[in-house]
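Novice: So that you have it, the file is protein_2.pdb, and it contains PDB, C-alpha atoms and all ligand atoms:
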```pdb
ATOM      1  CA  MET A1480     -97.766 -10.727  43.824
ATOM      2  CA  ARG A1481    -101.069 -11.407  42.024
ATOM      3  CA  PRO A1482    -100.869 -12.489  38.386
ATOM      4  CA  SER A1483    -102.056  -9.936  35.869
ATOM      5  CA  THR A1484    -102.298  -9.572  32.103
ATOM      6  CA  ALA A1485    -100.958  -6.638  30.091
ATOM      7  CA  SER A1486    -100.650  -6.043  26.384
ATOM      8  CA  GLN A1487     -96.989  -5.469  25.365
ATOM      9  CA  GLU A1488     -95.172  -5.159  22.059
ATOM     10  CA  ARG A1489     -91.847  -6.382  23.439
ATOM     11  CA  VAL A1490     -90.704  -8.215  26.524
ATOM     12  CA  PHE A1491     -87.163  -8.363  27.940
ATOM     13  CA  VAL A1492     -86.629 -11.447  30.068
ATOM     14  CA  LEU A1493     -83.830 -11.278  32.616
ATOM     15  CA  ILE A1494     -82.780 -14.733  33.725
ATOM     16  CA  GLY A1495     -79.803 -16.099  35.584
ATOM     17  CA  ALA A1496     -79.709 -13.509  38.353
ATOM     18  CA  ARG A1497     -80.327 -15.801  41.301
ATOM     19  CA  PRO A1498     -77.452 -16.024  43.802
ATOM     20  CA  HIS A1499     -76.195 -19.528  44.581
ATOM     21  CA  THR A1500     -75.060 -19.000  48.134
ATOM     22  CA  ASP A1501     -76.696 -21.921  49.920
ATOM     23  CA  TRP A1502     -73.335 -23.675  50.283
ATOM     24  CA  LEU A1503     -71.891 -20.905  52.419
ATOM     25  CA  PRO A1504     -71.966 -21.242  56.219
ATOM     26  CA  ALA A1505     -74.897 -19.723  58.062
ATOM     27  CA  GLU A1506     -72.542 -17.284  59.778
ATOM     28  CA  ILE A1507     -72.305 -15.343  56.516
ATOM     29  CA  ALA A1508     -75.134 -12.811  56.440
ATOM     30  CA  ARG A1509     -77.465 -12.664  53.429
ATOM     31  CA  ASP A1510     -80.438 -10.590  52.450
ATOM     32  CA  GLY A1511     -83.855 -12.150  51.930
ATOM     33  CA  ARG A1512     -82.922 -13.325  48.425
ATOM     34  CA  GLY A1513     -79.561 -14.828  49.274
ATOM     35  CA  PHE A1514     -77.270 -11.968  48.234
ATOM     36  CA  LEU A1515     -74.335 -11.479  50.599
ATOM     37  CA  LEU A1516     -74.274  -8.533  52.945
ATOM     38  CA  THR A1517     -70.951  -6.759  53.270
ATOM     39  CA  GLY A1518     -69.400  -3.867  55.158
ATOM     40  CA  GLU A1519     -71.877  -1.624  56.911
ATOM     41  CA  GLU A1520     -74.787  -3.592  55.430
ATOM     42  CA  VAL A1521     -74.144  -6.415  57.892
ATOM     43  CA  PRO A1522     -76.744  -6.032  60.645
ATOM     44  CA  ASP A1523     -75.957  -5.938  64.325
ATOM     45  CA  GLY A1524     -76.069  -9.311  65.941
ATOM     46  CA  TYR A1525     -73.400 -10.989  63.834
ATOM     47  CA  ASP A1526     -70.440 -11.686  66.054
ATOM     48  CA  TRP A1527     -67.346  -9.694  65.087
ATOM     49  CA  PRO A1528     -64.425 -10.857  67.220
ATOM     50  CA  LEU A1529     -61.749  -8.553  65.809
ATOM     51  CA  GLU A1530     -60.541  -5.176  67.015
ATOM     52  CA  ARG A1531     -60.576  -3.769  63.519
ATOM     53  CA  GLY A1532     -63.709  -2.747  61.662
ATOM     54  CA  ARG A1533     -65.190  -4.650  58.740
ATOM     55  CA  PHE A1534     -63.952  -3.772  55.276
ATOM     56  CA  SER A1535     -66.304  -2.539  52.583
ATOM     57  CA  HIS A1536     -66.430  -5.872  50.725
ATOM     58  CA  GLU A1537     -66.017  -8.086  53.755
ATOM     59  CA  THR A1538     -68.888 -10.321  54.805
ATOM     60  CA  SER A1539     -69.968 -11.016  58.367
ATOM     61  CA  MET A1540     -67.209 -13.654  58.506
ATOM     62  CA  PRO A1541     -63.761 -12.072  58.973
ATOM     63  CA  GLY A1542     -61.535 -12.492  55.959
ATOM     64  CA  VAL A1543     -64.335 -13.625  53.634
ATOM     65  CA  LEU A1544     -64.929 -11.059  50.897
ATOM     66  CA  ALA A1545     -67.704 -10.773  48.328
ATOM     67  CA  ALA A1546     -67.556  -9.022  44.967
ATOM     68  CA  GLY A1547     -69.801  -8.677  41.956
ATOM     69  CA  ASP A1548     -73.378  -9.750  41.457
ATOM     70  CA  VAL A1549     -73.450 -12.002  44.509
ATOM     71  CA  ARG A1550     -72.960  -8.981  46.755
ATOM     72  CA  HIS A1551     -76.118  -7.303  48.002
ATOM     73  CA  ALA A1552     -76.637  -3.830  46.526
ATOM     74  CA  SER A1553     -73.959  -4.249  43.869
ATOM     75  CA  VAL A1554     -74.714  -2.649  40.503
ATOM     76  CA  LYS A1555     -75.230  -5.956  38.636
ATOM     77  CA  ARG A1556     -73.235  -4.974  35.569
ATOM     78  CA  SER A1557     -70.124  -6.524  34.054
ATOM     79  CA  ALA A1558     -67.875  -3.504  34.486
ATOM     80  CA  SER A1559     -68.943  -3.134  38.123
ATOM     81  CA  ALA A1560     -68.241  -6.780  38.855
ATOM     82  CA  VAL A1561     -64.751  -6.467  37.375
ATOM     83  CA  GLY A1562     -64.122  -3.346  39.448
ATOM     84  CA  GLU A1563     -65.333  -4.989  42.635
ATOM     85  CA  GLY A1564     -63.082  -7.947  41.929
ATOM     86  CA  SER A1565     -60.066  -5.678  41.677
ATOM     87  CA  ILE A1566     -61.021  -4.011  44.958
ATOM     88  CA  ALA A1567     -61.305  -7.405  46.632
ATOM     89  CA  ILE A1568     -57.858  -8.416  45.382
ATOM     90  CA  GLN A1569     -56.412  -5.181  46.716
ATOM     91  CA  LEU A1570     -57.993  -5.907  50.082
ATOM     92  CA  VAL A1571     -56.573  -9.421  50.172
ATOM     93  CA  GLN A1572     -53.093  -8.108  49.431
ATOM     94  CA  SER A1573     -53.439  -5.490  52.132
ATOM     95  CA  LEU A1574     -54.677  -8.056  54.633
ATOM     96  CA  PHE A1575     -51.691 -10.288  53.942
ATOM     97  CA  ALA A1576     -49.344  -7.318  54.293
ATOM     98  CA  TYR A1577     -50.777  -6.453  57.695
ATOM     99  CA  GLU A1578     -50.534 -10.061  58.782
ATOM    100  CA  ARG A1579     -46.832 -10.071  57.953
ATOM    101  CA  LEU A1580     -46.326  -6.893  59.973
ATOM    102  CA  HIS A1581     -48.228  -8.276  62.980
ATOM    103  CA  PRO A1582     -47.322 -11.953  63.211
ATOM    104  CA  GLY A1583     -49.102 -13.927  65.883
ATOM    105  CA  ARG A1584     -51.705 -11.299  66.521
ATOM    106  CA  PRO A1585     -55.170 -12.896  66.819
ATOM    107  CA  THR A1586     -57.106 -11.349  64.000
ATOM    108  CA  ALA A1587     -59.647 -13.826  62.689
ATOM    109  CA  ALA A1588     -62.490 -15.910  63.955
ATOM    110  CA  ALA A1589     -62.071 -19.658  63.739
ATOM    111  CA  ALA A1590     -64.264 -21.313  61.135
ATOM    112  CA  PRO A1591     -65.504 -24.876  61.569
ATOM    113  CA  ALA A1592     -62.613 -27.201  60.837
ATOM    114  CA  GLY A1593     -62.800 -28.688  57.363
ATOM    115  CA  SER A1594     -65.609 -26.390  56.268
ATOM    116  CA  ALA A1595     -65.579 -24.661  52.923
ATOM    117  CA  SER A1596     -64.851 -21.487  54.790
ATOM    118  CA  GLU A1597     -62.064 -22.851  56.921
ATOM    119  CA  ALA A1598     -60.231 -19.722  57.308
ATOM    120  CA  ARG A1599     -56.902 -18.247  57.361
ATOM    121  CA  THR A1600     -55.923 -15.510  59.711
ATOM    122  CA  LEU A1601     -56.651 -12.132  58.223
ATOM    123  CA  ALA A1602     -56.043  -8.694  59.527
ATOM    124  CA  PRO A1603     -56.605  -5.048  58.729
ATOM    125  CA  SER A1604     -54.995  -3.310  55.836
ATOM    126  CA  VAL A1605     -52.059  -0.978  56.131
ATOM    127  CA  ALA A1606     -52.746   0.549  52.727
ATOM    128  CA  MET A1607     -56.509   0.870  53.140
ATOM    129  CA  PRO A1608     -57.476   1.698  56.735
ATOM    130  CA  PRO A1609     -60.542  -0.080  58.097
ATOM    131  CA  PRO A1610     -63.773   1.894  58.220
TER     132      PRO A1610
HETATM  133  C1  LIG B   1     -79.640 -12.076  31.083
HETATM  134  C2  LIG B   1     -78.564 -11.127  31.547
HETATM  135  C3  LIG B   1     -78.162 -10.085  30.735
HETATM  136  C4  LIG B   1     -77.177  -9.188  31.164
HETATM  137  N1  LIG B   1     -76.785  -8.147  30.339
HETATM  138  C5  LIG B   1     -75.821  -7.318  30.734
HETATM  139  C6  LIG B   1     -75.373  -6.268  29.877
HETATM  140  O1  LIG B   1     -75.862  -6.074  28.764
HETATM  141  N2  LIG B   1     -74.371  -5.437  30.338
HETATM  142  C7  LIG B   1     -73.793  -5.623  31.569
HETATM  143  O2  LIG B   1     -72.869  -4.872  31.908
HETATM  144  N3  LIG B   1     -74.192  -6.606  32.383
HETATM  145  C8  LIG B   1     -75.181  -7.456  32.001
HETATM  146  N4  LIG B   1     -75.602  -8.447  32.834
HETATM  147  C9  LIG B   1     -74.994  -8.553  34.162
HETATM  148  C10 LIG B   1     -73.630  -9.232  34.111
HETATM  149  O3  LIG B   1     -73.740 -10.466  33.421
HETATM  150  C11 LIG B   1     -73.190  -9.454  35.551
HETATM  151  O4  LIG B   1     -73.208  -8.236  36.262
HETATM  152  C12 LIG B   1     -71.787 -10.034  35.640
HETATM  153  O5  LIG B   1     -71.690 -11.234  34.884
HETATM  154  C13 LIG B   1     -71.468 -10.323  37.104
HETATM  155  O6  LIG B   1     -70.206 -10.941  37.188
HETATM  156  P1  LIG B   1     -69.865 -11.813  38.444
HETATM  157  O7  LIG B   1     -68.469 -12.302  38.219
HETATM  158  O8  LIG B   1     -70.160 -11.060  39.684
HETATM  159  O9  LIG B   1     -70.891 -13.045  38.438
HETATM  160  P2  LIG B   1     -71.103 -14.140  37.314
HETATM  161  O10 LIG B   1     -70.748 -13.646  35.945
HETATM  162  O11 LIG B   1     -72.496 -14.659  37.524
HETATM  163  O12 LIG B   1     -70.038 -15.256  37.677
HETATM  164  C14 LIG B   1     -70.201 -16.085  38.792
HETATM  165  C15 LIG B   1     -69.598 -17.430  38.418
HETATM  166  O13 LIG B   1     -69.519 -18.227  39.600
HETATM  167  C16 LIG B   1     -69.916 -19.523  39.273
HETATM  168  N5  LIG B   1     -70.331 -20.173  40.495
HETATM  169  C17 LIG B   1     -71.504 -20.037  41.169
HETATM  170  N6  LIG B   1     -71.510 -20.796  42.254
HETATM  171  C18 LIG B   1     -70.319 -21.437  42.291
HETATM  172  C19 LIG B   1     -69.721 -22.379  43.174
HETATM  173  N7  LIG B   1     -70.339 -22.808  44.268
HETATM  174  N8  LIG B   1     -68.494 -22.812  42.882
HETATM  175  C20 LIG B   1     -67.824 -22.378  41.801
HETATM  176  N9  LIG B   1     -68.347 -21.486  40.918
HETATM  177  C21 LIG B   1     -69.573 -21.036  41.168
HETATM  178  C22 LIG B   1     -71.010 -19.346  38.242
HETATM  179  O14 LIG B   1     -71.190 -20.517  37.472
HETATM  180  C23 LIG B   1     -70.467 -18.197  37.424
HETATM  181  O15 LIG B   1     -69.630 -18.653  36.375
HETATM  182  C24 LIG B   1     -76.587  -9.356  32.425
HETATM  183  C25 LIG B   1     -76.979 -10.418  33.244
HETATM  184  C26 LIG B   1     -77.966 -11.296  32.819
HETATM  185  C27 LIG B   1     -78.378 -12.435  33.711
END
```
Could you spell out this file's structure in structure tokens?

Specialist:
Amino acid sequence: MRPSTASQERVFVLIGARPHTDWLPAEIARDGRGFLLTGEEVPDGYDWPLERGRFSHETSMPGVLAAGDVRHASVKRSASAVGEGSIAIQLVQSLFAYERLHPGRPTAAAAPAGSASEARTLAPSVAMPPP
């Protein structure tokens, strides 16, 4: 973008909206600015080893959810972030419930041992069917 000059009476500066997602493993899909892609936003080409589909707030890594401002295409408002957080918690509870009903069923990709994303086994929801 080329710099330009414009006369304005007031200016609203929005700061602090940069996602800090560099620490996440490369397997987690982001958009060009670092926001996390979830659900159907995840492009083809990211390996999805599970039989079930990806949940709405689930990233390209099975069992890793994103909610709030860090999620690509979220509304970027406080009330929305709170709502997305409650959805994510509901999903986690549903995933655990399914896991209890289907013990031993391979349902998650293995993350690198010791990584920040070292993952538990997660599975589809019984209360909220996968897309
Ligand atoms: C200048 C400004 C003005 C705004 N005004 C309004 C408004 O008037 N009304 C409105 O509804 N919304 C407003 N918003 C948007 C609102 O603040 C956000 O939508 C909301 O805070 C998002 O909540 P969140 O929990 O998703 O993310 P955040 O509130 O950003 O919380 C993320 C937290 O994670 C922490 N964190 C980051 N990386 C790590 C890490 N690696 N480990 C541990 N913690 C980490 C951060 O320090 C932060 O505390 C404004 C935002 C800005 C920047």

Novice: Enumerate residues in contact with ligand LIG 1 (chain B): an atom-to-atom distance of at most 8 Å, counting all atoms listed in the file. Format the result as a PyMOL selection string.

Specialist: chain A and resi 1492-1496+1498-1500+1502+1546-1550+1554-1561+1564

Novice: Name the closest residue to A:Ser1565 among the candidates A:Ser1553, A:Val1543, A:Arg1509, A:His1536; distances are taken between atoms, counting all atoms listed in the file.

Specialist: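 Comparing A:Ser1553, A:Val1543, A:Arg1509, A:His1536 against A:Ser1565, the winner is A:His1536.
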
Novice: Just how far from atom CA of A:Leu1503 is atom CA of A:Leu1570, in Å to one decimal?

Specialist: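 Interatomic distance, atom CA of A:Leu1570 to atom CA of A:Leu1503: 20.6 Å.
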
Novice: Measure the distance from atom CA of A:Glu1506 to atom CA of A:Pro1541 in Å and round it to one decimal.

Specialist: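 Here the two named atoms are 10.2 Å from each other.
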
Novice: Taking the file above as input, evaluate the PyMOL selection byres (((chain A and resi 1516) around 8) and not hetatm) and report the hits as a ChimeraX atom specification.

Specialist: /A:1507-1510,1514-1515,1517-1518,1520-1521,1538-1539,1550-1551

Novice: One number please: atom CA of A:Ala1485 to atom CA of A:Arg1497, in Å, one decimal.

Specialist: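 Spanning atom CA of A:Ala1485 to atom CA of A:Arg1497 is a straight-line distance of 25.2 Å.
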
Novice: Between A:Pro1504, A:Gly1542, A:Glu1488, A:Ala1552, which one has atoms that come closest to A:Ser1573, using only C-alpha atoms?

Specialist: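 Smallest separation from A:Ser1573 among the options: A:Gly1542.
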
Novice: Box for stretch 1567-1576 of chain A: with edges along x, y and z, all listed atoms inside and 3 Å added on each side, what are the centre and edge lengths in Å to one decimal, as lines of an AutoDock Vina configuration file?

Specialist:
```
center_x = -55.3
center_y = -7.7
center_z = 50.0
size_x = 18.0
size_y = 11.1
size_z = 15.3
```
